[in-house]
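Let me begin by presenting the structure, written as structure tokens, before commenting on it.
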Amino acid sequence: MRNIRLLWQIFPSYVIIIMAVLFGVGWHLTGAIEEFFLRQTAADLEARARLVTPQVAAALEAEDFAGLDRLCKGFGAAADARFTVVLPSGAVVGDSVEDPARMENHASRVEVAAGLAGRVAHSTRYSRTLQQDMMYVAVPVASDARIVGTVRSARALTAIDSALETLYRQVPIGGLVALVLAALVSFWVSRRISRPLEAMRHGAVRFAQGRFDRKLTVAGSMEVCALARAMNLMAEQLDDRIRTIMEQRNEQQAVLASMVEGVLALDMEERVLHFNRAAVELLHIDPVEVQGQRIQEVARKADLQRFVARTLASPDPVEGEIVLRDGRERYLQAHGTVLRDGEQQDIGVLIVLHDVTRLRRLENIRRDFVANVSHELKTPITAIKASAETLIDGAMTPPGDARGFLDIIAKQAERLNAIIDDLLALSRIEQGGDVNGMVMELQPLEPSLRSAVWSCEMAAADKEIQLQVACAEGLQARINAPLLEQAIINLVDNAIKYSEPRSSVQIEAEPARDAVLIRVRDSGCGIAQEHLPRLFERFYRVDKARSRRQGGTGLGLAIVKHIIQTHGGSVTVESEPGRGSVFIIQLPGACN
């Protein structure tokens, strides 16, 4: 059904009821008035007939019919009525209007028959004589307890019809006026009833929109006031509950947003219900388009889809590992559990993803470090052991052979000492042994660069390599000069070792945007791209045989990285095989 405003439901009903009442009252009133007029006319005619009955009885006893006719005409003119005297035989012997001799027998007339039978009777019918509606009243005329005739009085109903016509015209007009007045009153009453409800409807709409600041006005009838109070109370309770829910939701959102673990909620059809920022970043999904989508459409990760299917099929929590391969391998530790509602019905699953890629890489680095340090230490130890066993077995003579084995022992011991010294230095830097109490001062860079180059001059001279320093005049940075000098020495020493004889190594320093850049550039053999990400790991070697032959410990670049990190900077490398390498140190600017 079509919705209709309460006003237009109440008001037309009132109007229809009023119209029905007015019609019924008017119809009953006009009928009653018409009946009243007819009764009054009948009573009046009966009274007039009774007034002339004694004279008529006397004339009938004397059989003075001519006198009786004159009497009727006299009374008729005086009483404004028609009088007719009828004998028991039905013959008319007197009439105030017509000549009795020309009138037909009236014995068949209803009122005459009743009057001759001794009863007073009246009748209304059309008179062919007078050509109009007439009311007739017949009164018996008795003499000595014997009916000697009847007197009939009659009167035309023209006046009554005229009065009734006037009444019929006035009643609809009065009814219409009453209907209009009643309709106005009904409209006012309807508005008074519907207006509070309309105000409540607007208030309910405001409440539905979450606007609880304006309360409903408590006014009107007792029922309306009770409803307004109930709605205001409901609004207060809703406001409290919504505030509580919003606070809980905000807290949950804050917790989920601050989690480093990715949280993904799915329904039983594997459609996305909720996710946090970490899940978006881990899965590289669009947070706008994924809501309501199936997980197969959101993240095309076979491992993830299999894990979701396992979680949906298992009533117990599920753990597993997911490997994502999107340019680079990432390892995610996944925990899945079934979501249940208040009635313990399964409604979906909750997947928690933790990125363990860094831990995996650190584990790999640790494993490689253990293997590398074991290998690096085992090589000189093996050489020392072999030389010592050879000397024990009788190589003490001749002295020349013994001298050679002793040189090997000394050289490998020195190598062991260098490895241990570098490990201790690296450990101190990592653990803050050289950093605690270390003063960072705003100092010019050129002296540190010149000092590092001077320390490497002898090694460069052996290979006829030119060391060139280019530093912007007055360039300063917040540094610890001894540590920075050590880092530059390690880079320059590496550049000398891996550069061809009679080449050059450039050390450049220049200001950059909010930073200071130091470049150590060589023209050596270069480094392949696959080695660059791991170049600063401990004991990592691009060419292991050549590195050992050059006397390196494999820790120099790791020491450089940690020294620069203690300065709040970073170190990177750019290299191509056959075109040399450039190591770039970026230090915070002087303003930092």
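To be explicit about the labels: the chains of the structure tokens are called A, B, and onward in the order shown, and within each one the residues are counted from 1, while ligands get numbers from 1 in the order they are shown.
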
| Residues within 6 Å of Ala515 (chain A), only C-alpha atoms, excluding chain neighbours under 5 positions, as a list in words | Leu587, Pro588 and Gly589 of chain A

| field | Test item: residues at most 10 Å from Val151 (chain A), only C-alpha atoms, excluding those fewer than 6 positions along its chain, as a list in words | value | Glu46, Arg48, Ala49, Arg50, Val52, Thr53, Val56, Ala57, Cys72, Phe83, Thr84, Val85, Val86, Leu87, Gly94, Asp95, Val112, Gly115, Leu116, Val120, Val137, Ala138, Val139, Pro140 and Val141 of chain A

| Could you work out how far CA of Glu363 (chain A) lies from CA of Arg325 (chain A), giving the answer in Å with one decimal? |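 These atoms are spaced 19.3 Å apart.
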
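In this structure, CA of Asp522 (chain A) sits 17.5 Å away from CA of Glu510 (chain A).
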
| message | Show me, as a list in words, the residues that have an atom within 12 Å of Leu532 (chain A) when counting only C-alpha atoms, minus same-chain residues fewer than 3 positions from it. | response |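 Neighbouring residues, sequence-local ones excluded: Gly526, Ile527, Ala528, Gln529, Leu535, Phe536, Glu537, Tyr540, Arg541, Val542, Leu557, Val571, Thr572, Val573, Glu574, Ser575, Glu576, Pro577, Ser581, Val582 and Phe583 of chain A.
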